[in-house]
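S.K.: Starting off with a structure, shown below.
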Amino acid sequence: MKVSVLAPVTDGVTADPDWMVSFAVHLEWCGFESIVVVEHTVLVARYDSVYPYDSSGRVPVAADCPYPDPLDLLAFLAGHTSRLGLATGLLVLPNHHPVVLAKRAATVDALSGGRLRLCVGVGWLKEELEACGAEFDSRGQRADEQLAVLRALWADQPQGASYHGEFFRFDNVMCYPKPVAGERVPVHIGGHSRAAARRAGRFGDGFQPLGVTGPQLASLLALMREAASSAGRDPAALEISLGHTVTEINAERADTLIDQGADRIVLAMPPTTDIEKAKDILSACAQRLSLVS
């Protein structure tokens, strides 16, 4: 079982280099598989969009909370660690031009020795996407093309990559460096919708359902596997990442998540700005799960 931890998003923490380095180094020392960092390119002081993962419909983070760019943050942390996986969760795909994203992701992967994993989503904050130049209503179709563009640019093609879609078009372009493993960075799809489950099955290397449990979770996983089979892919090859909390997870609850299909558990931290307290919480969790550093 792979166990990863979401870096906390808190003012005075997430953009504090010393805090984040200490956090990441301790994760590696404890034996956690990876650190996961979130993204909002911008937050909005006033918005009409509905946040889908809280009953209030509002994102529980202040609009002026510093959100470091996820790839830049992971590149920074890569220089202070040697084994720890480096993951996004979620990177808001419509905010990024895929040609530029392919270059940036492959660079982080190459310089970290193949430790990068992208988990991407199509986003919920319409005002953010529009500020980044993306049309909200077409973000799903655009995301499908973005995934294809990433794979095309990461592949080793002597004559360069070409792509002709509705949103992106180019011919014979060369994008180097390449990712370390198998000419591709693993790309997982995150979300709570049936569209996300289908996208994961058709295009992803894994699926991270968000905010769903019980029958709804089982339905999404079944849909992902059905979509993979219909696309001629092996459903068993797709990794499933399920969430829990650092303070409440134990071996029994981990086994329950495994029974539900989890290959990886992504743990959320409680809010704290005290790095020593955060490290104690992580150490206790690692001990309960018998992680080996």
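Within each chain, counting starts at residue 1; across the structure tokens, chains are named A, B, ... in the order shown, with ligands numbered 1 upward in that order.
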Distance table requested - range 31-128 of chain A against range 278-287 of chain A, cut-off 12 Å, only C-alpha atoms: one row per qualifying residue with the closest atom pair and its distance in Å to one decimal, ordered by chain and rising residue number, as a Markdown table.

M.R.:
| residue | atom | partner | partner_atom | distance |
| --- | --- | --- | --- | --- |
| A:Gly31 | CA | A:Ala286 | CA | 7.2 |
| A:Phe32 | CA | A:Ala286 | CA | 7.5 |
| A:Glu33 | CA | A:Ala286 | CA | 11.0 |

S.K.: Keeping only all heavy atoms, take the residues you just selected and write them out as a compact mmCIF listing (two decimals), in the first residue's frame.

M.R.:
# COMPACT_ATOMS: atom_id res chain seq x y z
N GLY A 31 8.76 7.30 5.80
CA GLY A 31 8.42 6.23 4.87
C GLY A 31 7.17 6.45 4.06
O GLY A 31 6.67 5.51 3.41
N PHE A 32 6.64 7.67 4.06
CA PHE A 32 5.49 7.95 3.20
C PHE A 32 5.94 7.92 1.73
O PHE A 32 7.08 8.24 1.40
CB PHE A 32 4.88 9.31 3.54
CG PHE A 32 4.17 9.32 4.87
CD1 PHE A 32 4.80 9.81 6.01
CD2 PHE A 32 2.88 8.83 4.98
CE1 PHE A 32 4.15 9.82 7.24
CE2 PHE A 32 2.22 8.83 6.21
CZ PHE A 32 2.86 9.33 7.34
N GLU A 33 5.01 7.55 0.87
CA GLU A 33 5.35 7.37 -0.55
C GLU A 33 5.55 8.68 -1.28
O GLU A 33 6.45 8.83 -2.11
CB GLU A 33 4.24 6.56 -1.24
CG GLU A 33 4.48 6.30 -2.73
CD GLU A 33 3.50 7.05 -3.61
OE1 GLU A 33 2.61 7.74 -3.09
OE2 GLU A 33 3.63 6.93 -4.85

S.K.: Leaving out Asp205 in chain A and any residue of its chain fewer than 6 positions from it, which residues lie within 10 Å of it when counting only C-alpha atoms, given as an NGL selection string?

M.R.: :A and (117-119 or 185-189 or 235 or 237-240)

S.K.: Write a file of the selected residues as a short mmCIF file (atom, residue, chain, number, x, y, z; two decimals), in the first residue's frame, keeping C-alpha atoms.

M.R.:
data_model
loop_
_atom_site.label_atom_id
_atom_site.label_comp_id
_atom_site.auth_asym_id
_atom_site.auth_seq_id
_atom_site.Cartn_x
_atom_site.Cartn_y
_atom_site.Cartn_z
CA ARG A 117 3.06 12.15 -10.64
CA LEU A 118 0.39 14.47 -12.00
CA CYS A 119 -3.14 14.25 -10.72
CA VAL A 185 4.79 11.12 -16.49
CA PRO A 186 1.96 9.19 -14.78
CA VAL A 187 -1.23 11.22 -15.10
CA HIS A 188 -4.11 10.45 -12.74
CA ILE A 189 -7.56 11.97 -13.04
CA PRO A 235 -8.62 -1.64 -15.95
CA ALA A 237 -3.41 -1.35 -14.62
CA LEU A 238 -5.02 1.87 -13.38
CA GLU A 239 -4.13 2.94 -9.84
CA ILE A 240 -6.86 3.98 -7.43
#

S.K.: For the structure I just gave you, how does DSSP split range 20-247 of chain A - specifically, which residues are alpha helix (DSSP H)? Reply as number ranges by chain.

M.R.: A: 20-30, 70-78, 98-111, 126-131, 139-154, 194-203, 214-230

S.K.: Run DSSP on the backbone and give me the residues of range 3-96 of chain A it puts in strand (DSSP E or B), as a PyMOL selection string.

M.R.: chain A and resi 3-6+34-37+85-88+91-92

S.K.: Do a neighbour search on Ala62 in chain A at 9 Å with only C-alpha atoms, toss out local chain neighbours closer than 2 positions, and write the hits as a compact mmCIF listing (two decimals) with C-alpha atoms, in the first residue's frame.

M.R.:
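Written out: selection12.txt:
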# COMPACT_ATOMS: atom_id res chain seq x y z
CA THR A 10 -2.43 27.44 5.37
CA ASP A 11 -1.26 31.03 5.47
CA LEU A 43 -8.56 32.49 -5.97
CA ALA A 45 -12.56 37.40 -3.57
CA VAL A 59 -13.80 26.89 -0.53
CA PRO A 60 -12.48 26.80 3.06
CA ASP A 64 -5.37 35.80 -0.12
CA CYS A 65 -3.82 32.55 1.16

S.K.: Taking into account only C-alpha atoms, which residue in the set A:Ala75, A:Val173, A:Leu129, A:Val21 is nearest to Ala161 in chain A?

M.R.: A:Val173

S.K.: Find the spatial neighbours of range 221-225 of chain A, counting only C-alpha atoms, within a cut-off of 9 Å - ignore same-chain residues fewer than 4 positions away - and output them as a VMD selection string.

M.R.: chain A and resid 194 196 to 202 207 209 216 to 217 229 to 230 233 to 236 238 240 261

S.K.: Let's have the selection written as a compact mmCIF listing (two decimals), in the first residue's frame, with N, CA, C and O atoms.

M.R.:
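Written file, again01.txt:
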# COMPACT_ATOMS: atom_id res chain seq x y z
N ARG A 194 -19.08 11.55 -13.00
CA ARG A 194 -19.02 10.41 -13.91
C ARG A 194 -18.09 10.72 -15.09
O ARG A 194 -17.42 9.83 -15.60
N ALA A 196 -15.36 12.45 -14.91
CA ALA A 196 -14.00 12.22 -14.43
C ALA A 196 -13.67 10.73 -14.43
O ALA A 196 -12.56 10.33 -14.80
N ALA A 197 -14.62 9.90 -14.01
CA ALA A 197 -14.39 8.45 -14.00
C ALA A 197 -14.16 7.93 -15.41
O ALA A 197 -13.26 7.11 -15.65
N ARG A 198 -14.97 8.39 -16.36
CA ARG A 198 -14.79 7.95 -17.75
C ARG A 198 -13.45 8.44 -18.30
O ARG A 198 -12.76 7.71 -19.01
N ARG A 199 -13.08 9.67 -17.98
CA ARG A 199 -11.80 10.21 -18.47
C ARG A 199 -10.63 9.41 -17.92
O ARG A 199 -9.67 9.13 -18.63
N ALA A 200 -10.72 9.04 -16.65
CA ALA A 200 -9.66 8.23 -16.05
C ALA A 200 -9.54 6.89 -16.76
O ALA A 200 -8.43 6.41 -17.04
N GLY A 201 -10.67 6.26 -17.06
CA GLY A 201 -10.64 4.97 -17.73
C GLY A 201 -10.09 5.06 -19.14
O GLY A 201 -9.33 4.19 -19.58
N ARG A 202 -10.43 6.10 -19.85
CA ARG A 202 -10.03 6.23 -21.25
C ARG A 202 -8.61 6.74 -21.42
O ARG A 202 -7.89 6.34 -22.35
N PHE A 207 -6.97 6.96 -11.02
CA PHE A 207 -8.18 7.73 -10.71
C PHE A 207 -8.17 8.04 -9.23
O PHE A 207 -7.89 7.17 -8.40
N PRO A 209 -10.94 9.50 -6.88
CA PRO A 209 -12.27 10.04 -6.60
C PRO A 209 -12.21 10.98 -5.40
O PRO A 209 -11.55 10.69 -4.40
N GLN A 216 -21.76 5.47 -4.17
CA GLN A 216 -21.33 6.40 -5.20
C GLN A 216 -19.89 6.13 -5.61
O GLN A 216 -19.56 6.16 -6.81
N LEU A 217 -19.03 5.83 -4.64
CA LEU A 217 -17.65 5.50 -4.96
C LEU A 217 -17.59 4.22 -5.79
O LEU A 217 -16.89 4.16 -6.81
N SER A 229 -12.06 -0.67 -20.28
CA SER A 229 -12.26 -1.86 -21.13
C SER A 229 -12.77 -1.48 -22.50
O SER A 229 -12.30 -2.02 -23.52
N SER A 230 -13.68 -0.54 -22.57
CA SER A 230 -14.23 -0.10 -23.87
C SER A 230 -13.17 0.55 -24.73
O SER A 230 -13.25 0.50 -25.97
N ARG A 233 -8.18 -0.84 -22.89
CA ARG A 233 -7.16 -0.73 -21.88
C ARG A 233 -7.43 -1.72 -20.75
O ARG A 233 -8.55 -2.17 -20.57
N ASP A 234 -6.39 -2.03 -19.99
CA ASP A 234 -6.53 -2.96 -18.87
C ASP A 234 -6.96 -2.19 -17.62
O ASP A 234 -6.17 -1.41 -17.07
N PRO A 235 -8.18 -2.38 -17.14
CA PRO A 235 -8.62 -1.64 -15.95
C PRO A 235 -7.75 -1.90 -14.73
O PRO A 235 -7.58 -1.01 -13.88
N ALA A 236 -7.19 -3.10 -14.64
CA ALA A 236 -6.38 -3.45 -13.47
C ALA A 236 -5.07 -2.68 -13.44
O ALA A 236 -4.41 -2.61 -12.39
N LEU A 238 -4.78 0.51 -13.85
CA LEU A 238 -5.02 1.87 -13.38
C LEU A 238 -5.00 1.90 -11.85
O LEU A 238 -5.68 1.12 -11.19
N ILE A 240 -5.78 3.30 -8.13
CA ILE A 240 -6.86 3.98 -7.43
C ILE A 240 -6.29 4.63 -6.17
O ILE A 240 -5.64 3.96 -5.36
N GLY A 261 -10.75 -0.93 -3.15
CA GLY A 261 -10.02 -0.82 -4.40
C GLY A 261 -8.79 0.04 -4.37
O GLY A 261 -8.11 0.20 -5.39

S.K.: For range 111-114 of chain A, please output as an MDAnalysis selection string all residues within 12 Å (counting only C-alpha atoms; exclusion window: fewer than 2 positions along the same chain).

M.R.: chainID A and resid 71 74:87 104:109 116:118 177:186

S.K.: By how many Å are CA of His164 in chain A and CA of Ala148 in chain A apart?

M.R.: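 One can read the CA of His164 in chain A to CA of Ala148 in chain A distance as 10.4 Å.
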
S.K.: Which residues, written as a ChimeraX atom specification, have at least one atom at most 10 Å from Tyr51 in chain A, with only C-alpha atoms counted and residues fewer than 4 positions away on the same chain left out?

M.R.: /A:55-60,123-125

S.K.: Would you put the residues from that selection into a file with N, CA, C and O atoms, as a compact mmCIF listing (two decimals), in the first residue's frame?

M.R.:
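Okay, this is what ended up in out_8.txt:
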# COMPACT_ATOMS: atom_id res chain seq x y z
N SER A 55 -20.35 21.42 2.26
CA SER A 55 -21.79 21.70 2.22
C SER A 55 -22.09 23.20 2.12
O SER A 55 -23.17 23.59 1.68
N SER A 56 -21.13 24.03 2.51
CA SER A 56 -21.33 25.47 2.41
C SER A 56 -21.25 25.97 0.98
O SER A 56 -21.73 27.07 0.66
N GLY A 57 -20.64 25.18 0.10
CA GLY A 57 -20.44 25.62 -1.27
C GLY A 57 -19.31 26.61 -1.43
O GLY A 57 -19.10 27.15 -2.53
N ARG A 58 -18.57 26.87 -0.37
CA ARG A 58 -17.47 27.82 -0.39
C ARG A 58 -16.16 27.11 -0.09
O ARG A 58 -16.10 26.23 0.78
N VAL A 59 -15.11 27.49 -0.78
CA VAL A 59 -13.80 26.89 -0.53
C VAL A 59 -13.30 27.35 0.84
O VAL A 59 -13.37 28.54 1.16
N PRO A 60 -12.84 26.44 1.69
CA PRO A 60 -12.48 26.80 3.06
C PRO A 60 -11.07 27.38 3.19
O PRO A 60 -10.34 27.06 4.12
N GLY A 123 -11.42 21.43 -12.83
CA GLY A 123 -11.69 22.65 -12.09
C GLY A 123 -13.17 22.90 -11.86
O GLY A 123 -14.02 22.48 -12.64
N TRP A 124 -13.45 23.62 -10.78
CA TRP A 124 -14.84 23.95 -10.42
C TRP A 124 -15.07 25.46 -10.35
O TRP A 124 -16.21 25.91 -10.43
N LEU A 125 -13.97 26.23 -10.21
CA LEU A 125 -14.09 27.68 -10.01
C LEU A 125 -14.08 28.38 -11.36
O LEU A 125 -13.01 28.67 -11.93

S.K.: Taking only C-alpha atoms into account, which of A:Ser193, A:Ala15, A:Phe167, A:Cys175 comes nearest Ala155 in chain A?

M.R.: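 Nearest to Ala155 in chain A: A:Cys175.
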
S.K.: Just to confirm, what's the straight-line distance from CA of Lys2 in chain A to CA of Asp144 in chain A in Å (one decimal)?

M.R.: 27.4 Å

S.K.: Identify which of the residues A:Thr41, A:Ser4, A:Tyr47, A:Glu28 lies closest to His244 in chain A, counting only C-alpha atoms when measuring atom-to-atom distances.

M.R.: A:Ser4

S.K.: Quick one: pull the distance between CA of Ser34 in chain A and CA of Thr245 in chain A, Å, one decimal.

M.R.: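 Computing it gives 15.0 Å between the two atoms.
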
S.K.: Fewer than 2 positions away in the same chain doesn't count, so skip those; otherwise give me all residues within 7 Å of range 246-253 of chain A, counting only C-alpha atoms, as a count of residues only.

M.R.: 11

S.K.: Ranking A:Val3, A:Phe168, A:His192, A:His97 by minimum distance to Leu291 in chain A and counting only C-alpha atoms, which one comes first?

M.R.: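 Once distances to Leu291 in chain A are computed over only C-alpha atoms, the minimum belongs to A:Val3.
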
S.K.: With only C-alpha atoms as the atoms that count, which of A:Leu73, A:Ala110, A:Leu93, A:Met174 lies nearest to Arg142 in chain A?

M.R.: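 Of the candidates, the smallest distance to Arg142 in chain A is held by A:Leu93.
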